[in-house]
Amino acid sequence: MPVFELSNEVIFPPINLAREDGLLAIGGDLTSERLYHAYKNGIFPWYNLDQPVLWWSPNPRFVLFPEKIKVSKSMRSVMRNKGFIVTYNQNFKEVLNNCQKLPRKGQDGTWITPKLKEALFQFHEEGWAHSVEVWQNNQLVGGLYGIAMGNCFFGESMFTTVSNASKVGFISLVEKLNELNFKLIDCQVYTQHLESLGAENVPRKVFSHLLKDQVGESPSKTILND
């Protein structure tokens with residue numbers, strides 16, 4: 001399957017044309033317009049600093065249906081008793097900075113490049129990108145960010161400097177999104193951590209149909225606040 005090279009025109013090939021590894025297209029820019037069309041169609045950027053922009057749509061797709069979130073009794077105890085406070089969109093910049101700089105097992109460097117950070121800051125200002133902050137003793141100890149469109153949240157990255165902080169942030173977000181009638185959280189690719197919380201693989205074709213139902217052609221914005 002060929003990899004499509006993008007031009008200045010903001011358009012993507014159908015996601016069913018992605019390679020077996022999920023790579024769909026290469027090149028293009030990181031304008032808000034392109035990010036909007038990418039996420040709306042189940043496509044996300046993921047590349048290293050020394051590469052052109054790479055656009056992905058993996059098969060299967062790892063997702064979480066908010067009503068299926070699994071929270072153990074021990075985790076509920078952590079959320080109640082460890083002094084964590086969760087906020088939304090209070091410090092998008094620092095959440096993104098921490099996601100960028102914290103080392104990750106099995107990864108050399110970061111995929112959150114300076115150009116992508118700049119694009120995400122703009123996307124946040126426009127109301128599409130959101131952050132979740134987890135505080136303990138007035139210190140930012142965990143968080144995550146993602147994109148909200150229609151009734152779907154596209155999770156991008158999370159970080160933690162204290163045990164369970166990112167998990168507290170994620171669970172709190174899922175429960176909040178469930179209250180807001182969100183039907184789908186895109187986790188992109190499999191992780192054991194998210195599987196333990198209820199995430200599951202679905203075929204890309206199923207994911208595409210879910211997007212049409214929950215995002216649509218003109219998705220609404222969501223206000224996430226405390």
# chains A, B, ... in the order shown; residues from 1 in each chain; ligands from 1
$ residues_around --residues "stretch 47-57 of chain A" --least-positions-apart "6" --cutoff "7 Å" --atoms "only C-alpha atoms" --output "JSON, numbers by chain"
{"A": [15, 18, 22, 23, 24, 25, 26, 27, 28, 110, 111, 113]}
$ residues_around --residues "A:Trp135" --least-positions-apart "3" --cutoff "8 Å" --atoms "only C-alpha atoms" --output "number ranges by chain"
A: 84-86, 138-142
$ write_last_selection --atoms "N, CA and C atoms" --output "mmCIF file, in the first residue's frame"
data_model
loop_
_atom_site.group_PDB
_atom_site.id
_atom_site.type_symbol
_atom_site.label_atom_id
_atom_site.label_comp_id
_atom_site.auth_asym_id
_atom_site.auth_seq_id
_atom_site.Cartn_x
_atom_site.Cartn_y
_atom_site.Cartn_z
ATOM 1 N N PHE A 84 -5.169 14.150 45.933
ATOM 2 C CA PHE A 84 -5.105 14.623 44.549
ATOM 3 C C PHE A 84 -6.265 15.583 44.260
ATOM 4 N N ILE A 85 -5.970 16.632 43.536
ATOM 5 C CA ILE A 85 -6.979 17.560 43.040
ATOM 6 C C ILE A 85 -6.867 17.610 41.523
ATOM 7 N N VAL A 86 -7.983 17.442 40.834
ATOM 8 C CA VAL A 86 -7.994 17.415 39.364
ATOM 9 C C VAL A 86 -8.640 18.694 38.843
ATOM 10 N N ASN A 138 -0.298 21.343 46.061
ATOM 11 C CA ASN A 138 -0.133 22.523 45.194
ATOM 12 C C ASN A 138 0.939 22.358 44.116
ATOM 13 N N GLN A 139 1.331 21.126 43.861
ATOM 14 C CA GLN A 139 2.314 20.842 42.813
ATOM 15 C C GLN A 139 1.652 20.047 41.689
ATOM 16 N N LEU A 140 2.008 20.383 40.439
ATOM 17 C CA LEU A 140 1.510 19.621 39.295
ATOM 18 C C LEU A 140 2.257 18.297 39.218
ATOM 19 N N VAL A 141 1.559 17.190 39.481
ATOM 20 C CA VAL A 141 2.227 15.889 39.572
ATOM 21 C C VAL A 141 1.781 14.913 38.489
ATOM 22 N N GLY A 142 0.843 15.319 37.663
ATOM 23 C CA GLY A 142 0.382 14.441 36.599
ATOM 24 C C GLY A 142 -0.601 15.169 35.705
#
$ residues_around --residues "stretch 116-123 of chain A" --least-positions-apart "4" --cutoff "8 Å" --atoms "only C-alpha atoms" --output "PyMOL selection string"
chain A and resi 30-32+92-93+96+112+127-129
$ closest_residue --among "A:Val162, A:Phe4, A:Asp186, A:Ser72" --to "A:Arg19" --atoms "only C-alpha atoms"
A:Phe4
$ closest_residue --among "A:Val174, A:Val63, A:Leu6, A:Ile11" --to "A:Ser208" --atoms "only C-alpha atoms"
A:Val63
$ closest_residue --among "A:Phe207, A:Asp29, A:Ile69, A:Lys115" --to "A:Leu194" --atoms "only C-alpha atoms"
A:Ile69
$ atom_distance --atom1 "atom CA of A:His37" --atom2 "atom CA of A:Ala148"
12.9 Å
$ closest_residue --among "A:Pro14, A:Gln136, A:Phe44, A:Ser7" --to "A:Gly83" --atoms "only C-alpha atoms"
A:Gln136
$ closest_residue --among "A:Tyr39, A:Asn8, A:Met79, A:Pro60" --to "A:Ser172" --atoms "only C-alpha atoms"
A:Met79
